[in-house]
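Data from protein28.cif: mmCIF, C-alpha atoms and all ligand atoms
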data_work
loop_
_atom_site.label_atom_id
_atom_site.label_comp_id
_atom_site.auth_asym_id
_atom_site.auth_seq_id
_atom_site.Cartn_x
_atom_site.Cartn_y
_atom_site.Cartn_z
CA MET A 1 -11.18 20.05 6.44
CA LYS A 2 -10.98 19.09 2.82
CA LEU A 3 -8.37 19.34 0.12
CA THR A 4 -9.42 21.77 -2.58
CA GLN A 5 -8.82 21.85 -6.31
CA ALA A 6 -6.03 24.35 -5.61
CA ASP A 7 -4.20 21.63 -3.63
CA PHE A 8 -4.53 19.08 -6.42
CA GLN A 9 -3.46 21.64 -8.99
CA GLU A 10 -0.38 22.55 -6.99
CA ARG A 11 0.59 18.87 -7.03
CA ARG A 12 0.12 18.66 -10.80
CA ASP A 13 2.21 21.82 -11.19
CA ARG A 14 5.02 20.22 -9.23
CA LEU A 15 4.82 17.00 -11.20
CA ALA A 16 4.91 18.84 -14.54
CA GLU A 17 7.93 20.78 -13.33
CA GLU A 18 9.69 17.54 -12.43
CA MET A 19 8.80 15.97 -15.78
CA GLY A 20 10.47 18.76 -17.75
CA PRO A 21 9.72 19.49 -21.42
CA HIS A 22 8.36 17.05 -24.03
CA GLY A 23 6.88 14.68 -21.45
CA ILE A 24 3.64 12.81 -21.06
CA ALA A 25 2.44 11.21 -17.83
CA ILE A 26 -0.37 8.65 -17.83
CA ILE A 27 -1.99 7.79 -14.49
CA ALA A 28 -4.92 5.38 -14.12
CA THR A 29 -7.10 4.97 -11.06
CA SER A 30 -7.69 1.53 -9.49
CA ALA A 31 -9.69 -1.14 -11.28
CA VAL A 32 -13.01 -2.08 -9.69
CA ALA A 33 -12.42 -5.35 -7.79
CA MET A 34 -15.00 -8.13 -7.82
CA ARG A 35 -15.77 -9.69 -4.43
CA ASN A 36 -17.94 -12.49 -5.69
CA ARG A 37 -20.59 -12.93 -8.36
CA ASP A 38 -22.29 -9.59 -9.10
CA ALA A 39 -20.94 -8.01 -5.92
CA ASP A 40 -18.02 -5.59 -6.18
CA TYR A 41 -15.80 -4.39 -3.40
CA LYS A 42 -16.68 -0.79 -2.66
CA PHE A 43 -14.53 1.28 -5.00
CA ARG A 44 -11.56 3.08 -3.51
CA ALA A 45 -9.59 5.40 -5.80
CA ASP A 46 -5.92 4.72 -6.37
CA SER A 47 -3.97 6.85 -3.91
CA SER A 48 -1.56 8.42 -6.42
CA PHE A 49 -4.32 9.08 -8.95
CA PHE A 50 -6.44 10.77 -6.28
CA TYR A 51 -3.38 12.67 -5.01
CA LEU A 52 -3.12 14.41 -8.38
CA THR A 53 -6.78 14.77 -9.31
CA GLY A 54 -9.10 14.61 -6.30
CA PHE A 55 -11.29 12.48 -8.58
CA ALA A 56 -12.86 9.52 -6.76
CA GLU A 57 -14.91 7.86 -9.53
CA PRO A 58 -13.84 4.53 -11.07
CA GLU A 59 -12.74 4.17 -14.69
CA ALA A 60 -10.65 7.29 -14.95
CA VAL A 61 -7.24 8.15 -16.39
CA ALA A 62 -5.33 11.42 -16.03
CA VAL A 63 -2.83 12.59 -18.63
CA ILE A 64 -0.34 15.40 -18.15
CA GLU A 65 1.55 16.70 -21.17
CA THR A 66 4.43 19.12 -21.21
CA PHE A 67 5.68 20.88 -24.31
CA GLU A 68 8.73 22.51 -25.88
CA SER A 69 9.48 24.56 -22.79
CA ILE A 70 8.13 24.17 -19.29
CA ASP A 71 7.29 27.92 -19.39
CA GLU A 72 4.46 27.02 -21.75
CA GLY A 73 2.76 25.23 -18.89
CA TYR A 74 1.18 21.85 -19.36
CA THR A 75 -2.12 20.26 -20.32
CA TYR A 76 -4.10 18.19 -17.86
CA SER A 77 -6.60 15.83 -19.49
CA LEU A 78 -9.08 13.70 -17.62
CA PHE A 79 -10.67 10.66 -19.23
CA CYS A 80 -13.77 9.63 -17.26
CA ARG A 81 -17.18 8.01 -17.51
CA GLU A 82 -19.75 9.98 -19.45
CA ARG A 83 -22.99 11.10 -17.84
CA ASN A 84 -25.66 8.45 -18.28
CA ARG A 85 -29.14 9.02 -16.90
CA ASP A 86 -30.05 5.34 -16.76
CA LEU A 87 -26.83 4.14 -15.18
CA GLU A 88 -26.82 7.06 -12.74
CA ILE A 89 -30.20 5.88 -11.46
CA TRP A 90 -28.61 2.54 -10.64
CA ASN A 91 -25.12 3.55 -9.58
CA GLY A 92 -25.14 7.23 -8.67
CA TYR A 93 -23.84 10.56 -9.89
CA ARG A 94 -21.06 10.90 -12.44
CA ALA A 95 -19.20 14.13 -13.08
CA GLY A 96 -18.98 13.38 -16.80
CA VAL A 97 -16.75 15.27 -19.18
CA ASP A 98 -18.34 18.63 -18.35
CA GLY A 99 -17.85 18.00 -14.64
CA ALA A 100 -14.24 16.99 -15.26
CA VAL A 101 -13.63 20.49 -16.61
CA ASP A 102 -15.95 22.50 -14.35
CA GLU A 103 -15.52 20.69 -11.04
CA TYR A 104 -12.08 19.09 -11.43
CA GLU A 105 -10.40 21.77 -13.51
CA ALA A 106 -9.20 19.55 -16.32
CA ASP A 107 -7.99 21.48 -19.37
CA GLU A 108 -9.41 18.77 -21.60
CA ALA A 109 -11.88 16.00 -20.80
CA TYR A 110 -12.85 12.93 -22.78
CA ALA A 111 -15.12 9.96 -22.37
CA ILE A 112 -13.06 7.04 -21.04
CA ASP A 113 -14.19 4.99 -24.05
CA LEU A 114 -12.13 7.31 -26.27
CA LEU A 115 -8.87 6.67 -24.41
CA ASP A 116 -7.35 4.18 -26.88
CA GLN A 117 -8.12 6.52 -29.74
CA GLU A 118 -7.06 9.87 -28.21
CA ILE A 119 -3.95 8.76 -26.41
CA ILE A 120 -1.98 7.90 -29.55
CA GLU A 121 -2.03 11.50 -30.75
CA LYS A 122 -0.83 12.63 -27.36
CA LEU A 123 1.99 10.09 -27.27
CA LEU A 124 3.39 10.91 -30.69
CA ASN A 125 6.68 12.75 -30.65
CA LYS A 126 6.92 13.18 -26.90
CA GLN A 127 10.42 12.41 -25.67
CA LYS A 128 9.58 10.94 -22.26
CA LEU A 129 6.71 8.74 -21.12
CA PHE A 130 6.11 8.76 -17.37
CA TYR A 131 4.10 5.74 -16.42
CA ARG A 132 3.48 3.67 -13.27
CA ILE A 133 4.86 0.41 -14.61
CA GLY A 134 3.77 -2.75 -12.83
CA GLN A 135 0.69 -1.47 -11.00
CA GLN A 136 -2.02 -3.05 -13.18
CA ALA A 137 -1.13 -5.82 -15.65
CA GLU A 138 -4.09 -5.12 -17.95
CA PHE A 139 -3.34 -1.43 -18.16
CA ASP A 140 0.37 -2.17 -18.73
CA ALA A 141 -0.69 -4.25 -21.74
CA ARG A 142 -2.73 -1.34 -23.10
CA VAL A 143 0.17 1.05 -22.73
CA SER A 144 2.43 -1.41 -24.59
CA GLN A 145 -0.17 -1.55 -27.34
CA TRP A 146 -0.27 2.26 -27.58
CA ILE A 147 3.52 2.37 -27.85
CA ALA A 148 3.36 -0.17 -30.67
CA GLU A 149 0.67 1.85 -32.44
CA ALA A 150 2.66 5.05 -32.13
CA ASP A 151 5.77 3.31 -33.46
CA ALA A 152 3.79 1.96 -36.39
CA GLN A 153 3.71 5.58 -37.57
CA GLN A 154 7.49 5.90 -37.72
CA ARG A 155 7.61 6.10 -41.52
CA ARG A 156 5.31 9.13 -41.27
CA GLY A 157 7.94 10.73 -39.06
CA ASN A 158 6.15 9.90 -35.81
CA GLY A 159 6.99 7.57 -32.95
CA SER A 160 6.60 6.78 -29.27
CA PRO A 161 8.70 8.46 -26.55
CA ALA A 162 12.34 7.34 -26.52
CA HIS A 163 12.36 7.12 -22.72
CA VAL A 164 9.93 5.34 -20.45
CA ILE A 165 10.32 6.52 -16.87
CA GLN A 166 8.89 4.94 -13.72
CA LEU A 167 6.42 7.64 -12.68
CA ASP A 168 6.10 6.17 -9.20
CA ARG A 169 9.62 7.34 -8.36
CA LEU A 170 8.46 10.96 -8.76
CA LEU A 171 5.01 10.58 -7.21
CA ASP A 172 6.24 8.48 -4.29
CA GLU A 173 8.78 11.12 -3.34
CA MET A 174 6.12 13.83 -3.51
CA ARG A 175 3.72 11.81 -1.37
CA LEU A 176 6.41 10.93 1.17
CA HIS A 177 6.73 14.59 2.16
CA LYS A 178 3.43 15.63 3.69
CA SER A 179 2.12 19.20 3.57
CA ALA A 180 0.67 20.89 6.65
CA LYS A 181 -2.80 20.19 5.27
CA GLU A 182 -2.04 16.51 4.79
CA ILE A 183 -0.80 16.31 8.36
CA GLU A 184 -4.10 17.88 9.46
CA LEU A 185 -6.04 15.17 7.62
CA MET A 186 -3.83 12.50 9.15
CA GLN A 187 -4.46 14.04 12.57
CA ILE A 188 -8.20 13.65 12.01
CA ALA A 189 -7.76 10.00 10.96
CA ALA A 190 -5.61 9.51 14.07
CA ASN A 191 -8.17 11.18 16.35
CA ILE A 192 -11.07 9.05 15.11
CA SER A 193 -8.95 5.89 15.34
CA SER A 194 -7.85 6.85 18.85
CA GLU A 195 -11.47 7.26 19.88
CA ALA A 196 -12.14 3.76 18.54
CA HIS A 197 -9.30 2.27 20.61
CA ILE A 198 -10.52 4.06 23.73
CA ARG A 199 -14.00 2.65 23.14
CA ALA A 200 -12.52 -0.83 22.77
CA MET A 201 -10.73 -0.49 26.11
CA GLN A 202 -13.95 0.70 27.70
CA THR A 203 -16.19 -2.03 26.29
CA VAL A 204 -14.07 -5.19 26.36
CA LYS A 205 -15.23 -7.90 28.78
CA PRO A 206 -14.14 -11.49 29.38
CA ASP A 207 -16.02 -13.97 27.16
CA MET A 208 -16.75 -11.39 24.48
CA MET A 209 -15.94 -12.51 20.92
CA GLU A 210 -13.02 -10.85 19.14
CA TYR A 211 -15.36 -9.82 16.31
CA ALA A 212 -17.72 -8.16 18.77
CA LEU A 213 -14.84 -6.00 19.97
CA GLU A 214 -13.96 -5.27 16.34
CA ALA A 215 -17.56 -4.09 15.91
CA GLU A 216 -16.99 -1.48 18.63
CA LEU A 217 -14.10 -0.08 16.59
CA ASN A 218 -16.15 -0.13 13.40
CA TYR A 219 -18.94 1.73 15.17
CA ILE A 220 -16.68 4.73 15.75
CA PHE A 221 -15.21 4.56 12.23
CA GLY A 222 -18.70 4.40 10.73
CA GLN A 223 -20.10 7.18 12.90
CA ASN A 224 -17.38 9.40 11.46
CA GLY A 225 -17.98 8.39 7.85
CA CYS A 226 -14.76 6.40 7.75
CA VAL A 227 -13.75 2.88 6.79
CA PRO A 228 -10.87 0.81 8.20
CA ALA A 229 -7.55 1.67 6.56
CA TYR A 230 -6.62 -2.05 6.61
CA ASN A 231 -8.03 -5.30 7.99
CA SER A 232 -8.37 -4.91 11.74
CA ILE A 233 -6.45 -7.27 14.00
CA VAL A 234 -8.23 -8.15 17.24
CA GLY A 235 -6.27 -10.98 18.79
CA GLY A 236 -6.87 -12.31 22.28
CA GLY A 237 -4.15 -14.21 24.15
CA ALA A 238 -1.77 -16.11 21.86
CA ASN A 239 -3.58 -14.74 18.79
CA GLY A 240 -1.67 -11.54 19.59
CA CYS A 241 1.47 -13.42 18.54
CA ILE A 242 0.14 -13.90 14.99
CA LEU A 243 1.36 -10.79 13.26
CA HIS A 244 -1.37 -10.62 10.59
CA TYR A 245 -4.21 -12.29 12.52
CA VAL A 246 -7.51 -11.12 10.99
CA GLU A 247 -9.95 -13.97 11.65
CA ASN A 248 -11.06 -12.27 14.88
CA ASP A 249 -13.40 -15.16 15.64
CA GLN A 250 -12.26 -16.44 19.04
CA VAL A 251 -13.42 -15.82 22.58
CA LEU A 252 -11.58 -13.15 24.60
CA LYS A 253 -10.56 -14.90 27.81
CA ASP A 254 -10.34 -13.60 31.35
CA GLY A 255 -6.66 -13.19 32.26
CA ASP A 256 -5.44 -12.74 28.65
CA LEU A 257 -4.32 -9.63 26.85
CA VAL A 258 -5.96 -8.48 23.64
CA LEU A 259 -3.88 -6.91 20.87
CA ILE A 260 -5.79 -4.53 18.60
CA ASP A 261 -4.13 -3.19 15.45
CA ALA A 262 -6.83 -1.11 13.77
CA ALA A 263 -7.36 2.38 12.37
CA CYS A 264 -9.44 4.20 9.80
CA GLU A 265 -8.74 6.35 6.79
CA TYR A 266 -10.16 9.85 6.57
CA GLN A 267 -10.41 11.36 3.10
CA LEU A 268 -8.00 8.68 1.94
CA TYR A 269 -5.41 9.40 4.64
CA ALA A 270 -4.69 6.52 7.02
CA ALA A 271 -3.88 6.10 10.66
CA ASP A 272 -2.29 2.92 12.04
CA ILE A 273 -2.60 2.20 15.77
CA THR A 274 -1.90 -0.79 17.96
CA ARG A 275 -2.72 -1.12 21.62
CA THR A 276 -2.49 -4.17 23.86
CA PHE A 277 -4.46 -4.31 27.09
CA PRO A 278 -5.85 -6.80 29.62
CA ILE A 279 -9.29 -8.21 28.83
CA ASN A 280 -10.27 -8.06 32.50
CA GLY A 281 -8.78 -4.61 33.03
CA LYS A 282 -5.73 -5.62 35.09
CA PHE A 283 -2.29 -6.70 33.81
CA SER A 284 -0.83 -9.88 35.38
CA PRO A 285 2.75 -9.50 36.72
CA GLU A 286 4.23 -11.22 33.61
CA GLN A 287 2.07 -9.23 31.19
CA LYS A 288 3.00 -6.03 32.97
CA ALA A 289 6.72 -6.83 33.00
CA LEU A 290 6.82 -7.49 29.25
CA TYR A 291 4.50 -4.56 28.50
CA GLU A 292 6.77 -2.15 30.36
CA VAL A 293 9.70 -3.33 28.23
CA VAL A 294 7.79 -2.73 24.98
CA LEU A 295 6.59 0.66 26.17
CA LYS A 296 10.09 1.75 27.17
CA ALA A 297 11.35 0.66 23.73
CA GLN A 298 8.50 2.46 21.98
CA LEU A 299 8.99 5.76 23.83
CA ALA A 300 12.72 5.73 23.10
CA ALA A 301 12.11 4.82 19.45
CA ILE A 302 9.64 7.69 19.07
CA ASP A 303 12.24 10.01 20.51
CA ALA A 304 14.64 8.86 17.79
CA VAL A 305 12.35 10.20 15.03
CA GLN A 306 14.45 13.33 14.72
CA VAL A 307 15.10 15.28 11.55
CA GLY A 308 18.57 14.19 10.41
CA ASN A 309 18.47 10.79 12.13
CA SER A 310 18.65 7.65 10.02
CA TYR A 311 15.33 6.00 9.23
CA LYS A 312 16.67 2.91 11.02
CA GLU A 313 17.64 4.67 14.25
CA PRO A 314 14.29 3.98 16.01
CA HIS A 315 14.63 0.29 15.13
CA HIS A 316 18.15 0.05 16.56
CA VAL A 317 17.02 1.85 19.71
CA ALA A 318 13.97 -0.39 20.09
CA VAL A 319 15.80 -3.68 19.54
CA ARG A 320 18.43 -2.81 22.14
CA ILE A 321 15.85 -1.96 24.82
CA LEU A 322 13.65 -4.96 24.02
CA MET A 323 16.55 -7.37 24.26
CA GLN A 324 17.96 -5.82 27.42
CA GLY A 325 14.49 -6.19 28.91
CA LEU A 326 14.34 -9.87 27.99
CA LEU A 327 17.81 -10.42 29.47
CA ASP A 328 16.73 -8.71 32.69
CA LEU A 329 13.57 -10.84 32.91
CA GLY A 330 15.44 -14.05 32.15
CA LEU A 331 13.78 -14.85 28.83
CA MET A 332 17.13 -14.53 27.07
CA GLN A 333 20.65 -15.30 28.12
CA GLY A 334 23.95 -14.10 26.77
CA ASP A 335 25.58 -10.89 25.67
CA LEU A 336 23.39 -8.04 24.41
CA ASP A 337 25.68 -7.04 21.54
CA GLN A 338 25.99 -10.65 20.48
CA ILE A 339 22.20 -11.11 20.53
CA ILE A 340 21.83 -8.04 18.31
CA LYS A 341 24.68 -8.97 15.96
CA SER A 342 23.44 -12.53 15.48
CA GLU A 343 19.84 -11.31 15.15
CA ARG A 344 18.72 -13.72 17.85
CA PHE A 345 16.09 -11.09 18.67
CA ASN A 346 14.06 -12.56 15.79
CA GLN A 347 12.83 -15.22 18.21
CA PHE A 348 10.73 -12.60 20.02
CA TYR A 349 10.77 -9.56 17.71
CA MET A 350 10.59 -10.52 14.06
CA HIS A 351 9.33 -7.37 12.33
CA GLY A 352 10.62 -3.87 11.66
CA THR A 353 9.83 -0.97 13.97
CA GLY A 354 7.76 0.99 11.46
CA HIS A 355 7.00 2.12 7.95
CA TRP A 356 5.98 5.26 6.10
CA LEU A 357 2.33 6.21 6.62
CA GLY A 358 0.09 8.34 4.42
CA MET A 359 -2.63 7.67 1.88
CA ASP A 360 -1.59 4.02 1.99
CA VAL A 361 -1.06 2.40 5.35
CA HIS A 362 2.27 1.05 4.15
CA ASP A 363 2.88 4.27 2.34
CA VAL A 364 5.05 4.91 -0.67
CA GLY A 365 8.52 6.42 -0.55
CA SER A 366 11.96 4.90 -0.76
CA TYR A 367 13.66 3.90 2.48
CA LYS A 368 17.19 4.16 1.14
CA ALA A 369 19.05 6.80 -0.82
CA GLU A 370 22.26 5.88 -2.63
CA GLY A 371 22.51 2.61 -0.75
CA ASP A 372 22.09 4.01 2.75
CA TRP A 373 19.00 4.34 4.94
CA ARG A 374 17.76 7.85 4.32
CA ASN A 375 17.41 10.45 7.06
CA TYR A 376 14.17 11.84 8.46
CA GLU A 377 13.07 15.14 6.96
CA ALA A 378 10.34 17.40 8.27
CA GLY A 379 6.93 16.23 7.04
CA MET A 380 7.73 12.54 6.81
CA VAL A 381 5.31 10.36 8.78
CA VAL A 382 6.34 7.00 10.20
CA THR A 383 4.78 4.42 12.48
CA ILE A 384 6.67 3.31 15.56
CA GLU A 385 5.51 -0.16 16.53
CA PRO A 386 7.84 -2.36 18.55
CA GLY A 387 6.49 -5.54 20.08
CA LEU A 388 7.37 -8.78 21.81
CA TYR A 389 5.80 -12.08 20.86
CA ILE A 390 6.38 -15.12 23.07
CA ALA A 391 5.15 -18.10 21.05
CA PRO A 392 2.76 -20.37 22.96
CA ASP A 393 5.02 -23.38 22.24
CA ASP A 394 8.35 -21.69 22.98
CA GLU A 395 10.01 -24.15 25.35
CA THR A 396 13.11 -21.97 25.78
CA VAL A 397 11.20 -19.76 28.22
CA ASP A 398 9.33 -20.43 31.44
CA VAL A 399 5.73 -21.47 30.83
CA LYS A 400 4.40 -18.33 32.54
CA TRP A 401 5.63 -16.15 29.65
CA ARG A 402 4.26 -18.24 26.79
CA GLY A 403 1.47 -16.97 24.54
CA ILE A 404 1.91 -13.30 25.43
CA GLY A 405 1.93 -11.00 22.39
CA ILE A 406 2.36 -7.26 22.81
CA ARG A 407 2.71 -4.42 20.30
CA ILE A 408 2.31 -0.69 20.81
CA GLU A 409 2.03 1.44 17.67
CA ASP A 410 1.77 5.18 17.19
CA ASP A 411 1.94 7.52 14.19
CA VAL A 412 4.76 10.04 14.31
CA VAL A 413 5.58 13.10 12.19
CA ALA A 414 9.19 14.24 11.94
CA THR A 415 9.24 18.00 12.52
CA ALA A 416 11.93 20.61 13.08
CA GLU A 417 10.72 20.76 16.69
CA GLY A 418 11.04 17.00 17.20
CA PRO A 419 8.64 14.07 16.90
CA LEU A 420 4.93 14.91 16.78
CA VAL A 421 2.77 11.95 17.87
CA LEU A 422 -0.58 12.07 16.07
CA THR A 423 -2.05 9.21 18.11
CA LYS A 424 -1.22 10.44 21.60
CA ASN A 425 -4.91 10.48 22.62
CA VAL A 426 -4.93 6.73 23.24
CA VAL A 427 -3.51 5.96 26.66
CA LYS A 428 -0.66 3.48 26.77
CA SER A 429 0.95 3.40 30.23
CA VAL A 430 -0.08 0.50 32.49
CA THR A 431 -1.48 2.94 35.05
CA ASP A 432 -3.46 4.94 32.48
CA ILE A 433 -4.88 1.86 30.76
CA GLU A 434 -5.94 0.28 34.04
CA ALA A 435 -7.44 3.57 35.24
CA LEU A 436 -9.41 4.04 32.02
CA MET A 437 -10.67 0.46 32.10
CA ALA A 438 -11.65 0.75 35.77
CA THR A 439 -13.97 3.66 34.97
CA ALA A 440 -15.72 1.76 32.15
CA SER A 441 -19.30 0.82 32.78
N1 LIG B 501 -1.43 -2.35 10.48
C1 LIG B 501 -0.40 -2.68 9.61
C2 LIG B 501 0.90 -2.44 10.20
O1 LIG B 501 0.99 -2.13 11.38
O2 LIG B 501 1.90 -2.46 9.54
MN MN B 502 2.02 -0.27 11.09
MN MN B 503 -0.66 -1.46 12.54
#
For the structure just supplied, provide its representation as structure tokens.
Amino acid sequence: MKLTQADFQERRDRLAEEMGPHGIAIIATSAVAMRNRDADYKFRADSSFFYLTGFAEPEAVAVIETFESIDEGYTYSLFCRERNRDLEIWNGYRAGVDGAVDEYEADEAYAIDLLDQEIIEKLLNKQKLFYRIGQQAEFDARVSQWIAEADAQQRRGNGSPAHVIQLDRLLDEMRLHKSAKEIELMQIAANISSEAHIRAMQTVKPDMMEYALEAELNYIFGQNGCVPAYNSIVGGGANGCILHYVENDQVLKDGDLVLIDAACEYQLYAADITRTFPINGKFSPEQKALYEVVLKAQLAAIDAVQVGNSYKEPHHVAVRILMQGLLDLGLMQGDLDQIIKSERFNQFYMHGTGHWLGMDVHDVGSYKAEGDWRNYEAGMVVTIEPGLYIAPDDETVDVKWRGIGIRIEDDVVATAEGPLVLTKNVVKSVTDIEALMATAS
């Protein structure tokens, strides 16, 4: 399964339509990031740039221009690296300007070195500039320079666009609503990531290092040509209480849980999965009691991902169940409504219940519309990830509960038929986890 040029073109068509007449949109891909001297991070295209172009090479800028009337269509220009035999021997194939036209269906293509020169002509006398302000400081400075250069021509009757519009508002909204094909890609990312979690459950052993377990996940990602969609969290015991723990350098101890938050991206579409399971294959009574509370909250929250429901509904549902569970187990005292109103739940549950998911793990898209949390629409994808984190030094609870961190996270599509869970392949009930781990060699 691959997106085709027809998919990227359809997206550009929609963007041009939204821009209306006399507009110009300028979209740059990511800058290459240096890791340390002479060693770059592997390049990963900017999600919104790739969304519109399908072009994965570095140093590229797309320009979309509309004219007098939207019926005249639009021009799509791609500025990219030129072919270069010597550099291609060192760094690999480049599409070049011919490839930009032939393979990527640009109407016009230019060497990236000509951008400063060519863009001024394109900017002149457009009414609206659509630009992703605030993404890359250096590129922002270049755009400001181009505007100044265009305005320097005012006495010749020229000038820069009167309106500068935040392009991300349009692109984010497009990306928030996933097509059937995008959901298919996300399903593949979810399937590979699920396989990785299952492998982790099957291979974990007491005294293993956290990074060795991370390597088991990476093995499955790599075998499928994928990379992690974000830094993997593999936290044994109390490390599971550190929300963004990524050191993964401690010993996994017999009797502890391990919390794994890890997933891959497939063709630039991410999954995001968390599972928490016992390192020795069997939950202790306290671990099981808290786990059952989180699972109950998670299942109910997933069920609240219904078209027409508020984005926040799963969070409200989850918080109520988590806190009732803690009251029942004696970790909290008082009145449930009061605990929720005063936000005392922050002691044990200090993050939201999810976020949009797509090409970016924390995907784009506004969460509110006209001041209120927006409602789920078919094709929106959200994570549902409640948890409970009992700090190792929390003296308000009995010592037996301390240092237990649990999160369960799945990826859910809102559909007209109800929530569709992309990550359902990874077991999550106590019985299923223990059964799977018991069969591991
Ligand atoms: N893995 C990042 C998150 O769950 O938000
Ligand atoms: Mn998440
Ligand atoms: Mn996650």
Inset, instruction - Residues up to 6 Å from ligand MN 503 (chain B), counting all atoms listed in the file: could you list those as number ranges by chain? - result: A: 261, 272-274
Inset, instruction - List the neighbours of Val101 (chain A) out to 10 Å using all atoms listed in the file; skip same-chain residues closer than 6 positions along the sequence, and give me the result as a PyMOL selection string. - result: chain A and resi 76-78+95+107-110
Using all atoms listed in the file, find each residue in chain A having at least one atom no more than 12 Å away from ligand LIG 501 (chain B); report its shortest atom-to-atom pair and that distance in Å (one decimal), rows by chain then rising number, as a tab-separated table.
residue	atom	partner	partner_atom	distance
A:Pro228	CA	B:LIG501	N1	10.2
A:Ala229	CA	B:LIG501	N1	8.3
A:Tyr230	CA	B:LIG501	N1	6.5
A:Asn231	CA	B:LIG501	N1	7.6
A:Ser232	CA	B:LIG501	N1	7.5
A:Ile233	CA	B:LIG501	N1	7.9
A:Val234	CA	B:LIG501	N1	11.2
A:Leu243	CA	B:LIG501	O1	8.9
A:His244	CA	B:LIG501	C1	8.1
A:Tyr245	CA	B:LIG501	N1	10.5
A:Val246	CA	B:LIG501	N1	10.7
A:Leu259	CA	B:LIG501	N1	11.6
A:Ile260	CA	B:LIG501	N1	9.5
A:Asp261	CA	B:LIG501	N1	5.7
A:Ala262	CA	B:LIG501	N1	6.4
A:Ala263	CA	B:LIG501	N1	7.8
A:Cys264	CA	B:LIG501	N1	10.4
A:Glu265	CA	B:LIG501	N1	11.9
A:Ala270	CA	B:LIG501	N1	10.1
A:Ala271	CA	B:LIG501	N1	8.8
A:Asp272	CA	B:LIG501	N1	5.6
A:Ile273	CA	B:LIG501	N1	7.1
A:Thr274	CA	B:LIG501	O1	7.3
A:Arg275	CA	B:LIG501	O1	10.9
A:His351	CA	B:LIG501	O2	9.3
A:Gly352	CA	B:LIG501	O2	9.1
A:Thr353	CA	B:LIG501	O2	9.2
A:Gly354	CA	B:LIG501	O2	7.1
A:His355	CA	B:LIG501	O2	7.0
A:Trp356	CA	B:LIG501	O2	9.4
A:Leu357	CA	B:LIG501	O2	9.2
A:Asp360	CA	B:LIG501	C1	10.2
A:Val361	CA	B:LIG501	C1	6.7
A:His362	CA	B:LIG501	O2	6.4
A:Asp363	CA	B:LIG501	O2	9.9
A:Val382	CA	B:LIG501	O2	10.5
A:Thr383	CA	B:LIG501	O1	7.6
A:Ile384	CA	B:LIG501	O1	8.9
A:Glu385	CA	B:LIG501	O1	7.1
A:Pro386	CA	B:LIG501	O1	9.9
A:Gly387	CA	B:LIG501	O1	10.8
A:Arg407	CA	B:LIG501	O1	9.4
A:Ile408	CA	B:LIG501	O1	9.6
A:Glu409	CA	B:LIG501	O1	7.3
A:Asp410	CA	B:LIG501	O1	9.4
A:Asp411	CA	B:LIG501	O1	10.1
Legend entry - From A:Gly358, A:Ser69, A:Arg169, A:Asp432, residue lying nearest ligand MN 502 (chain B) [only C-alpha atoms and all ligand atoms]: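 Once distances to ligand MN 502 (chain B) are computed over only C-alpha atoms and all ligand atoms, the minimum belongs to A:Gly358.
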Inset, instruction - Have a look at A:Leu167, A:Tyr219, A:Ser30, A:Leu213 and name the one nearest to Asp249 (chain A); count only C-alpha atoms. - result: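 Nearest candidate to Asp249 (chain A) out of A:Leu167, A:Tyr219, A:Ser30, A:Leu213: A:Leu213.
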Legend entry - Atom pair CA of Lys296 (chain A) / CA of Glu247 (chain A): separation (Å): 29.8 Å
Inset, instruction - For CA of Gln223 (chain A) and CA of Ala180 (chain A), quote the distance in Å rounded to one decimal. - result: 25.7 Å
Inset, instruction - Can you work out which one of A:Met174, A:Val426, A:Val381, A:Val293 has the shortest atom-to-atom distance to ligand MN 502 (chain B), counting only C-alpha atoms and all ligand atoms? - result: A:Val381
Legend entry - For Glu195 (chain A): contacts at 10 Å, all atoms listed in the file, fewer than 5 positions along chain excluded, given as a PyMOL selection string: chain A and resi 190+200-201+217+220-221+263+423+425-426
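Distances to Ile302 (chain A) were evaluated for A:His315, A:Lys205, A:Ala212, A:Ile406 using all atoms listed in the file, and the minimum falls at A:His315.
Taking CA of Lys424 (chain A) as the reference point, CA of Pro206 (chain A) is found at 26.6 Å.
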Inset, instruction - Pick out the residues sitting within 12 Å of Ile404 (chain A), and hand them over as a ChimeraX atom specification; count all atoms listed in the file, and ignore anything fewer than 2 positions along from it in its own chain. - result: /A:235-242,255-259,276-278,283-291,348,387-394,397-402,406-407
Inset, instruction - Go through A:Ile147, A:Ala39, A:Val412, A:Leu299 one by one, measure the shortest atom-to-atom distance of each to ligand MN 502 (chain B) using all atoms listed in the file, and give the residue with the smallest value. - result: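 Among A:Ile147, A:Ala39, A:Val412, A:Leu299, it is A:Val412 that comes nearest to ligand MN 502 (chain B).
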Padding of 4 Å on every side, edges along x, y and z, all listed atoms of region 103-114 of chain A included: what centre and edge lengths in Å, to one decimal, does that box have, as lines of an AutoDock Vina configuration file?
center_x = -11.8
center_y = 13.4
center_z = -18.7
size_x = 15.5
size_y = 24.8
size_z = 23.2
Legend entry - Pick from A:Val307, A:Leu124, A:Leu336, A:Ala28, whichever lies nearest to Ala137 (chain A) using all atoms listed in the file: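 Ranking A:Val307, A:Leu124, A:Leu336, A:Ala28 by distance to Ala137 (chain A), first place goes to A:Ala28.
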